[in-house]
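This is input_37.csv. It holds CSV, C-alpha atoms.
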```
chain,number,residue,atom,x,y,z
A,1,MET,CA,17.5,24.1,9.6
A,2,THR,CA,15.7,24.8,6.3
A,3,ASN,CA,14.3,22.0,4.2
A,4,THR,CA,17.1,22.5,1.8
A,5,GLU,CA,19.7,22.2,4.6
A,6,ILE,CA,18.0,19.1,5.9
A,7,THR,CA,17.9,17.5,2.5
A,8,ASP,CA,21.6,18.2,1.9
A,9,ARG,CA,22.5,16.6,5.2
A,10,ILE,CA,20.3,13.6,4.4
A,11,GLN,CA,22.0,13.1,1.1
A,12,GLN,CA,25.4,13.3,2.8
A,13,LEU,CA,24.5,10.7,5.4
A,14,LYS,CA,23.1,8.4,2.7
A,15,LYS,CA,26.5,8.3,1.0
A,16,GLU,CA,28.4,7.9,4.3
A,17,LYS,CA,26.2,5.1,5.5
A,18,ASN,CA,25.3,3.4,2.3
A,19,ALA,CA,21.6,4.0,3.0
A,20,VAL,CA,18.6,4.0,0.7
A,21,ILE,CA,15.3,5.8,1.2
A,22,LEU,CA,12.1,4.1,0.2
A,23,ALA,CA,8.9,6.1,0.3
A,24,HIS,CA,5.2,5.4,-0.3
A,25,TYR,CA,3.1,7.5,-2.6
A,26,TYR,CA,1.0,8.7,0.4
A,27,THR,CA,3.8,10.4,2.2
A,28,ARG,CA,4.4,14.2,2.1
A,29,PRO,CA,5.6,15.7,-1.2
A,30,GLU,CA,9.0,16.7,0.2
A,31,VAL,CA,9.5,13.1,1.5
A,32,GLN,CA,8.6,11.7,-1.9
A,33,ASP,CA,11.0,14.1,-3.6
A,34,ILE,CA,14.0,12.8,-1.5
A,35,ALA,CA,13.2,9.1,-2.0
A,36,ASP,CA,15.5,6.9,-4.0
A,37,TYR,CA,12.5,4.8,-4.8
A,38,LEU,CA,8.9,5.8,-4.6
A,39,GLY,CA,6.2,3.2,-4.8
A,40,ASP,CA,3.1,1.4,-3.6
A,41,SER,CA,3.2,-1.7,-1.3
A,42,LEU,CA,4.1,-4.1,-4.1
A,43,GLY,CA,6.9,-1.9,-5.6
A,44,LEU,CA,8.4,-1.1,-2.2
A,45,SER,CA,8.4,-4.8,-1.2
A,46,GLN,CA,10.2,-5.7,-4.4
A,47,GLU,CA,12.7,-2.9,-4.0
A,48,ALA,CA,13.5,-3.8,-0.4
A,49,GLY,CA,14.5,-7.3,-1.7
A,50,LYS,CA,16.7,-5.9,-4.5
A,51,THR,CA,18.7,-3.1,-2.8
A,52,ASP,CA,22.4,-3.5,-1.9
A,53,ALA,CA,22.2,-0.7,0.7
A,54,ASP,CA,23.3,-1.4,4.3
A,55,ILE,CA,20.5,0.7,5.7
A,56,ILE,CA,16.9,1.0,4.5
A,57,VAL,CA,15.0,4.1,5.7
A,58,PHE,CA,11.4,3.2,5.1
A,59,CYS,CA,9.1,6.2,4.8
A,60,GLY,CA,5.7,4.7,5.4
A,61,VAL,CA,3.7,3.0,8.1
A,62,HIS,CA,5.0,0.3,10.4
A,63,PHE,CA,3.7,-2.8,8.6
A,64,MET,CA,5.5,-1.7,5.5
A,65,ALA,CA,8.9,-1.4,7.3
A,66,GLU,CA,8.2,-4.8,8.8
A,67,THR,CA,7.8,-6.3,5.4
A,68,ALA,CA,11.2,-4.8,4.3
A,69,ALA,CA,12.8,-6.3,7.5
A,70,ILE,CA,11.3,-9.7,6.6
A,71,ILE,CA,12.6,-9.6,3.0
A,72,SER,CA,16.0,-8.1,3.9
A,73,PRO,CA,17.1,-9.5,7.2
A,74,ASP,CA,20.7,-8.5,6.5
A,75,LYS,CA,19.8,-4.8,6.2
A,76,LYS,CA,19.1,-2.4,9.0
A,77,VAL,CA,15.6,-1.1,8.5
A,78,LEU,CA,14.7,2.2,10.1
A,79,ILE,CA,11.3,3.9,10.3
A,80,PRO,CA,11.4,7.7,10.7
A,81,ALA,CA,8.0,7.8,12.3
A,82,GLN,CA,8.1,5.1,15.1
A,83,TYR,CA,4.3,5.2,15.8
A,84,ALA,CA,3.0,5.4,12.2
A,85,GLY,CA,0.2,2.8,12.2
A,86,CYS,CA,-2.5,1.6,10.0
A,87,SER,CA,-6.2,1.0,10.8
A,88,LEU,CA,-6.4,-1.8,8.3
A,89,ALA,CA,-3.3,-3.7,9.5
A,90,GLU,CA,-4.5,-3.3,13.1
A,91,SER,CA,-7.9,-4.8,12.5
A,92,ILE,CA,-6.6,-8.4,12.7
A,93,THR,CA,-4.1,-10.4,14.7
A,94,GLY,CA,-2.1,-13.6,14.3
A,95,TYR,CA,-4.3,-15.1,17.0
A,96,ASP,CA,-7.4,-14.5,14.9
A,97,LEU,CA,-5.9,-16.4,12.0
A,98,LYS,CA,-4.6,-19.2,14.3
A,99,LYS,CA,-8.2,-19.8,15.5
A,100,TRP,CA,-9.6,-19.7,11.9
A,101,LYS,CA,-7.0,-22.3,10.8
A,102,GLU,CA,-7.8,-24.6,13.7
A,103,ALA,CA,-11.5,-24.5,12.6
A,104,ASN,CA,-10.6,-24.8,8.9
A,105,PRO,CA,-7.5,-27.0,8.6
A,106,ASP,CA,-7.8,-27.3,4.8
A,107,GLY,CA,-8.6,-23.6,4.3
A,108,ILE,CA,-6.3,-21.1,2.6
A,109,VAL,CA,-5.5,-17.7,4.1
A,110,VAL,CA,-4.8,-14.9,1.6
A,111,SER,CA,-3.5,-11.8,3.4
A,112,TYR,CA,-3.3,-8.4,1.9
A,113,VAL,CA,0.3,-7.2,2.3
A,114,ASN,CA,-1.1,-4.4,4.6
A,115,THR,CA,-0.8,-6.7,7.6
A,116,THR,CA,1.6,-7.2,10.5
A,117,ALA,CA,4.5,-9.7,10.4
A,118,GLU,CA,2.6,-11.8,12.9
A,119,VAL,CA,-0.4,-12.0,10.6
A,120,LYS,CA,1.8,-12.9,7.6
A,121,ALA,CA,3.3,-15.7,9.7
A,122,TRP,CA,-0.2,-17.4,9.7
A,123,THR,CA,-0.8,-16.7,6.1
A,124,ASP,CA,-0.6,-19.0,3.1
A,125,ILE,CA,-0.1,-16.4,0.4
A,126,CYS,CA,0.1,-12.6,0.4
A,127,CYS,CA,-1.2,-10.2,-2.2
A,128,THR,CA,-1.3,-6.5,-3.0
A,129,SER,CA,-4.0,-4.4,-4.7
A,130,ALA,CA,-1.8,-4.7,-7.9
A,131,ASN,CA,-1.8,-8.6,-8.0
A,132,ALA,CA,-4.7,-9.6,-5.8
A,133,LEU,CA,-6.8,-10.9,-8.8
A,134,LYS,CA,-3.9,-13.0,-10.0
A,135,VAL,CA,-3.3,-14.4,-6.6
A,136,VAL,CA,-6.9,-15.5,-6.0
A,137,GLN,CA,-7.2,-16.9,-9.5
A,138,SER,CA,-4.2,-19.0,-8.9
A,139,LEU,CA,-5.8,-20.8,-6.0
A,140,PRO,CA,-7.6,-24.2,-6.2
A,141,HIS,CA,-11.4,-24.0,-6.5
A,142,ASP,CA,-12.1,-26.8,-4.0
A,143,ARG,CA,-10.6,-25.0,-0.9
A,144,LYS,CA,-12.2,-22.5,1.4
A,145,ILE,CA,-10.5,-19.1,1.2
A,146,LEU,CA,-10.3,-16.5,3.9
A,147,PHE,CA,-9.3,-13.0,2.6
A,148,VAL,CA,-8.0,-10.6,5.2
A,149,PRO,CA,-8.2,-7.9,6.3
A,150,ASP,CA,-9.8,-5.5,3.7
A,151,LYS,CA,-13.4,-6.3,3.1
A,152,ASN,CA,-13.7,-3.8,0.2
A,153,LEU,CA,-10.7,-5.2,-1.7
A,154,GLY,CA,-12.0,-8.7,-1.1
A,155,SER,CA,-15.5,-7.8,-2.3
A,156,TRP,CA,-14.1,-6.4,-5.5
A,157,ILE,CA,-12.0,-9.5,-6.1
A,158,MET,CA,-15.2,-11.6,-5.7
A,159,LYS,CA,-17.0,-9.5,-8.2
A,160,LYS,CA,-14.1,-9.7,-10.7
A,161,THR,CA,-13.3,-13.4,-10.3
A,162,GLY,CA,-16.6,-15.0,-9.4
A,163,ARG,CA,-14.8,-16.8,-6.6
A,164,HIS,CA,-16.3,-17.0,-3.1
A,165,LEU,CA,-14.2,-15.6,-0.4
A,166,GLU,CA,-14.8,-15.4,3.3
A,167,LEU,CA,-14.0,-11.8,4.2
A,168,TRP,CA,-12.5,-10.3,7.3
A,169,GLU,CA,-14.3,-7.1,8.4
A,170,GLY,CA,-11.4,-4.7,8.1
A,171,ASP,CA,-11.0,-1.5,6.1
A,172,CYS,CA,-8.7,1.4,5.4
A,173,CYS,CA,-10.1,4.5,7.3
A,174,VAL,CA,-9.2,6.7,4.3
A,175,HIS,CA,-10.5,4.6,1.4
A,176,ALA,CA,-13.6,3.4,3.3
A,177,ARG,CA,-14.9,7.0,3.1
A,178,ILE,CA,-14.8,7.0,-0.7
A,179,SER,CA,-18.4,6.3,-1.6
A,180,ALA,CA,-20.3,5.6,-4.8
A,181,GLU,CA,-22.1,8.9,-4.3
A,182,MET,CA,-18.8,10.8,-4.4
A,183,ILE,CA,-17.8,9.0,-7.6
A,184,LEU,CA,-21.2,9.6,-9.3
A,185,GLU,CA,-21.2,13.3,-8.3
A,186,LYS,CA,-17.7,13.9,-9.6
A,187,SER,CA,-18.4,11.9,-12.8
A,188,HIS,CA,-21.3,14.3,-13.5
A,189,GLU,CA,-19.1,17.3,-12.7
A,190,TYR,CA,-16.3,16.1,-15.0
A,191,PRO,CA,-17.9,14.0,-17.7
A,192,GLU,CA,-14.8,13.8,-19.8
A,193,ALA,CA,-12.5,12.6,-17.0
A,194,ASP,CA,-11.3,9.1,-16.4
A,195,ILE,CA,-12.0,8.0,-12.9
A,196,LEU,CA,-9.2,6.0,-11.2
A,197,ILE,CA,-10.3,4.2,-8.0
A,198,HIS,CA,-8.4,2.3,-5.5
A,199,PRO,CA,-10.1,-1.1,-4.8
A,200,GLU,CA,-9.9,-0.5,-1.0
A,201,SER,CA,-12.6,2.1,-1.5
A,202,ASP,CA,-16.1,1.5,-0.2
A,203,CYS,CA,-17.5,1.9,-3.7
A,204,SER,CA,-15.2,-0.6,-5.4
A,205,HIS,CA,-17.8,-3.4,-5.5
A,206,ASP,CA,-20.9,-1.2,-6.2
A,207,GLU,CA,-22.5,-2.1,-9.5
A,208,ARG,CA,-23.2,1.6,-10.3
A,209,ILE,CA,-19.5,2.3,-10.3
A,210,LEU,CA,-18.4,-0.9,-11.9
A,211,ASN,CA,-20.7,-0.1,-14.8
A,212,LEU,CA,-19.3,3.3,-15.4
A,213,PRO,CA,-17.3,3.1,-18.7
A,214,GLN,CA,-14.8,5.7,-17.6
A,215,ALA,CA,-14.1,4.1,-14.2
A,216,TYR,CA,-11.0,2.0,-13.6
A,217,MET,CA,-9.9,0.1,-10.4
A,218,TYR,CA,-6.2,0.3,-9.8
A,219,SER,CA,-3.5,0.1,-7.3
A,220,THR,CA,-1.7,3.4,-6.8
A,221,ALA,CA,1.0,2.4,-9.2
A,222,GLY,CA,-1.6,1.3,-11.7
A,223,MET,CA,-3.2,4.8,-11.5
A,224,ILE,CA,0.1,6.4,-12.3
A,225,LYS,CA,0.8,4.1,-15.2
A,226,HIS,CA,-2.7,4.7,-16.6
A,227,ALA,CA,-2.4,8.5,-16.4
A,228,ASN,CA,1.1,8.4,-17.9
A,229,GLN,CA,-0.1,6.4,-20.9
A,230,SER,CA,-3.5,7.9,-21.5
A,231,SER,CA,-4.3,10.5,-24.1
A,232,LYS,CA,-7.0,11.9,-21.7
A,233,LYS,CA,-6.3,15.3,-20.1
A,234,GLN,CA,-8.4,15.0,-17.0
A,235,PHE,CA,-8.6,12.4,-14.3
A,236,ILE,CA,-10.6,12.0,-11.1
A,237,ILE,CA,-8.3,10.3,-8.5
A,238,ALA,CA,-10.1,8.3,-5.8
A,239,THR,CA,-7.3,7.4,-3.4
A,240,GLU,CA,-5.1,9.2,-0.8
A,241,ILE,CA,-4.6,12.8,-1.9
A,242,GLU,CA,-0.7,12.8,-1.9
A,243,THR,CA,-0.7,10.6,-4.9
A,244,LEU,CA,-1.5,13.7,-6.9
A,245,HIS,CA,2.0,15.0,-6.3
A,246,LYS,CA,3.6,12.2,-8.4
A,247,LEU,CA,0.8,12.4,-11.0
A,248,LYS,CA,1.3,16.1,-11.5
A,249,LYS,CA,5.1,15.8,-11.7
A,250,ASP,CA,4.8,13.1,-14.4
A,251,ASN,CA,2.0,14.9,-16.3
A,252,PRO,CA,2.2,18.7,-15.8
A,253,LYS,CA,-0.2,19.3,-18.7
A,254,LYS,CA,-2.9,17.1,-17.4
A,255,GLU,CA,-5.5,17.9,-14.7
A,256,PHE,CA,-5.9,15.7,-11.6
A,257,ILE,CA,-9.0,16.1,-9.4
A,258,PRO,CA,-9.0,14.6,-5.9
A,259,ILE,CA,-12.3,12.8,-5.2
A,260,HIS,CA,-12.4,14.7,-1.9
A,261,PRO,CA,-10.0,17.1,-0.2
A,262,GLN,CA,-9.9,15.1,3.0
A,263,THR,CA,-8.7,11.7,1.6
A,264,ILE,CA,-5.7,12.1,3.9
A,265,CYS,CA,-3.8,9.4,5.7
A,266,GLY,CA,-2.6,11.2,8.9
A,267,GLN,CA,-0.4,8.2,9.7
A,268,MET,CA,1.7,8.6,6.6
A,269,LYS,CA,2.0,12.4,7.3
A,270,LYS,CA,3.9,11.5,10.5
A,271,VAL,CA,7.0,10.9,8.3
A,272,THR,CA,8.9,14.2,7.9
A,273,LEU,CA,12.3,15.4,6.6
A,274,GLN,CA,13.4,16.1,10.1
A,275,GLY,CA,12.4,12.5,11.1
A,276,ILE,CA,14.4,11.0,8.2
A,277,LEU,CA,17.4,13.1,9.2
A,278,GLU,CA,17.2,12.0,12.8
A,279,ALA,CA,16.7,8.3,11.8
A,280,LEU,CA,19.9,8.4,9.7
A,281,GLU,CA,21.9,10.4,12.2
A,282,LYS,CA,21.1,8.2,15.2
A,283,GLU,CA,20.2,5.0,13.3
A,284,GLN,CA,17.1,5.0,15.5
A,285,TYR,CA,13.8,3.2,15.4
A,286,VAL,CA,15.2,0.0,14.0
A,287,VAL,CA,12.4,-2.4,12.9
A,288,ARG,CA,13.0,-5.9,14.2
A,289,VAL,CA,11.1,-9.1,13.5
A,290,SER,CA,11.9,-12.3,15.4
A,291,GLU,CA,13.6,-14.9,13.3
A,292,GLU,CA,10.9,-17.4,13.9
A,293,ILE,CA,8.2,-15.0,12.7
A,294,ARG,CA,10.4,-13.7,9.9
A,295,LYS,CA,10.9,-17.1,8.4
A,296,ARG,CA,7.2,-18.0,8.5
A,297,ALA,CA,6.2,-14.6,7.2
A,298,LEU,CA,8.7,-14.7,4.3
A,299,LYS,CA,7.1,-17.8,2.7
A,300,PRO,CA,3.7,-16.1,1.8
A,301,ILE,CA,5.5,-13.0,0.6
A,302,GLU,CA,7.8,-15.1,-1.7
A,303,ARG,CA,4.7,-16.9,-3.0
A,304,MET,CA,3.1,-13.6,-3.8
A,305,LEU,CA,6.2,-12.3,-5.6
A,306,THR,CA,6.3,-15.3,-7.9
A,307,ILE,CA,2.8,-14.3,-9.2
A,308,CYS,CA,3.5,-10.5,-9.8
```

Encoded form using structure tokens:
Amino acid sequence: MTNTEITDRIQQLKKEKNAVILAHYYTRPEVQDIADYLGDSLGLSQEAGKTDADIIVFCGVHFMAETAAIISPDKKVLIPAQYAGCSLAESITGYDLKKWKEANPDGIVVSYVNTTAEVKAWTDICCTSANALKVVQSLPHDRKILFVPDKNLGSWIMKKTGRHLELWEGDCCVHARISAEMILEKSHEYPEADILIHPESDCSHDERILNLPQAYMYSTAGMIKHANQSSKKQFIIATEIETLHKLKKDNPKKEFIPIHPQTICGQMKKVTLQGILEALEKEQYVVRVSEEIRKRALKPIERMLTIC
């Protein structure tokens, strides 16, 4: 089947089964184009809670589909790529947090939404890169805070808020490769460009980058909003490369320069049109979270969503 034939069949099945397709900005362009909703972790979490569809086809990595299953237990959540994982989410377990809480009974655990359901179940409040600053600023100053699992996002939050956080030593294997040297080199090559950087990047807490007047730290959705609203014509994009697809579609007269051609999440690329079709046809790869874990994991997500 051609991509057009696959797409037509997917659209037909969506109507027949009352299904909705949610896709992350890091998925393949053809997957983004077929999505009913395209977003980052925060936007996708919100949309999963709002949809009245019977089936959610979640085009992303496994922890994201788990989050949808936690928020919408009455929906059937399908993941087209069963083994699409995440180095960041896999860097910590619920057992790790259980041990920390035993040692710090008055401590607060803030978990980036890029975590498993089990980790969320041991979490006090979740956050995303879009609302992490607000979440941390909302917490009492007299309590110890553990921020998991992304050390780069956590370091950036500490720089911005002046709050002390105990950081877990996890990172995103894509963003961890984005260095200050890359940013400085591109800024010299394109001196008129705004530089839009994801705070998961290794350079996010580097003073040389924070002091660049044309550099901005954003979630993926924040980057897209900035580019859409800016009068600038040129932007350096320091995040996963597939984000450029949406940026270019929204702003065909503007130039978007990837920080490096290899800022690629191979896990996200496991999601294909053929995989979406098979997921809908067979209703396969259902994402399930035990009710005990789901109830516990929902609370920190709900706390996060009240602060958005």

With all atoms listed in the file as the basis for distance, which of A:Leu277, A:Lys233, A:His188, A:Arg177 is at the shortest distance from Pro261 of chain A?
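The answer is A:Arg177, which sits nearest to Pro261 of chain A.
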
Name the closest residue to Asn114 of chain A among the candidates A:Phe63, A:Tyr25, A:Phe256, A:Trp168; distances are taken between atoms, counting all atoms listed in the file.
A:Phe63

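Distances to Ser111 of chain A were evaluated for A:Ala180, A:Ala53, A:Ala130, A:Leu146 using only C-alpha atoms, and the minimum falls at A:Leu146.
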
Tell me, in Å to one decimal, how far atom CA of Arg28 of chain A is from atom CA of Ile241 of chain A.
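Between atom CA of Arg28 of chain A and atom CA of Ile241 of chain A the gap works out to 9.9 Å.
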
In file coordinates, which residues lie within 6 Å of (-8.9, -28.1, 0.1) using all atoms listed in the file, given as a ChimeraX atom specification?
/A:106,142-143

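Proximity to Ala238 of chain A was assessed for A:Ile183, A:Ile55, A:Ile224, A:Ile293 counting all atoms listed in the file; the smallest distance is recorded for A:Ile183.
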
Quick one: residues within 6 Å of Asn152 of chain A, all atoms listed in the file, excluding same-chain residues fewer than 2 positions away - as a list in words?
Asp150, Gly154, Ser155, Glu200 and Asp202 of chain A

Go ahead and dump the residues you just picked, C-alpha atoms, as a short mmCIF file (atom, residue, chain, number, x, y, z; two decimals), in the frame of the given file.
```cif
data_model
loop_
_atom_site.label_atom_id
_atom_site.label_comp_id
_atom_site.auth_asym_id
_atom_site.auth_seq_id
_atom_site.Cartn_x
_atom_site.Cartn_y
_atom_site.Cartn_z
CA ASP A 150 -9.80 -5.50 3.70
CA GLY A 154 -12.00 -8.70 -1.10
CA SER A 155 -15.50 -7.80 -2.30
CA GLU A 200 -9.90 -0.50 -1.00
CA ASP A 202 -16.10 1.50 -0.20
#
```

Determine the nearest neighbour of Ser219 of chain A from the options A:Arg303, A:Gly39, A:Asp8, A:Glu292, counting only C-alpha atoms.
A:Gly39

Show which residues sit within 9 Å of Tyr95 of chain A, as a compact mmCIF listing (two decimals) with C-alpha atoms, in the coordinates of the input. Count only C-alpha atoms, and ignore same-chain residues fewer than 2 positions away.
```txt
# COMPACT_ATOMS: atom_id res chain seq x y z
CA ILE A 92 -6.60 -8.40 12.70
CA THR A 93 -4.10 -10.40 14.70
CA LEU A 97 -5.90 -16.40 12.00
CA LYS A 98 -4.60 -19.20 14.30
CA LYS A 99 -8.20 -19.80 15.50
CA TRP A 100 -9.60 -19.70 11.90
CA GLU A 118 2.60 -11.80 12.90
CA VAL A 119 -0.40 -12.00 10.60
CA TRP A 122 -0.20 -17.40 9.70
```

Could you please give me, as an mmCIF file with C-alpha atoms, in the frame of the given file, the residues of protein, DNA or RNA lying at most 10 Å from (-6.4, -13.7, -8.3) in the coordinate frame of the file, considering only C-alpha atoms?
```cif
data_model
loop_
_atom_site.group_PDB
_atom_site.id
_atom_site.type_symbol
_atom_site.label_atom_id
_atom_site.label_comp_id
_atom_site.auth_asym_id
_atom_site.auth_seq_id
_atom_site.Cartn_x
_atom_site.Cartn_y
_atom_site.Cartn_z
ATOM 1 C CA CYS A 127 -1.200 -10.200 -2.200
ATOM 2 C CA ASN A 131 -1.800 -8.600 -8.000
ATOM 3 C CA ALA A 132 -4.700 -9.600 -5.800
ATOM 4 C CA LEU A 133 -6.800 -10.900 -8.800
ATOM 5 C CA LYS A 134 -3.900 -13.000 -10.000
ATOM 6 C CA VAL A 135 -3.300 -14.400 -6.600
ATOM 7 C CA VAL A 136 -6.900 -15.500 -6.000
ATOM 8 C CA GLN A 137 -7.200 -16.900 -9.500
ATOM 9 C CA SER A 138 -4.200 -19.000 -8.900
ATOM 10 C CA LEU A 139 -5.800 -20.800 -6.000
ATOM 11 C CA ILE A 157 -12.000 -9.500 -6.100
ATOM 12 C CA MET A 158 -15.200 -11.600 -5.700
ATOM 13 C CA LYS A 160 -14.100 -9.700 -10.700
ATOM 14 C CA THR A 161 -13.300 -13.400 -10.300
ATOM 15 C CA ARG A 163 -14.800 -16.800 -6.600
ATOM 16 C CA ILE A 307 2.800 -14.300 -9.200
#
```

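Distances to Val113 of chain A were evaluated for A:Leu305, A:Val174, A:Ala35, A:Met182 using all atoms listed in the file, and the minimum falls at A:Leu305.
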
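The space between atom CA of Gln284 of chain A and atom CA of Lys269 of chain A spans 18.7 Å.
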
Computed interatomic separation between atom CA of Ala176 of chain A and atom CA of Ser201 of chain A (Å):
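Answer for the atom CA of Ala176 of chain A to atom CA of Ser201 of chain A separation: 5.1 Å.
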
I'd like the neighbourhood of Val110 of chain A as a list in words, where a residue qualifies if any of its atoms comes within 7 Å (using all atoms listed in the file), though same-chain residues fewer than 5 positions away should be ignored.
Thr123, Asp124, Ile125, Cys126, Leu146, Phe147 and Val148 of chain A

List the neighbours of Glu16 of chain A out to 12 Å using all atoms listed in the file; skip same-chain residues closer than 2 positions along the sequence, and give me the result as a PyMOL selection string.
chain A and resi 9-14+18-20+53-55+280-281
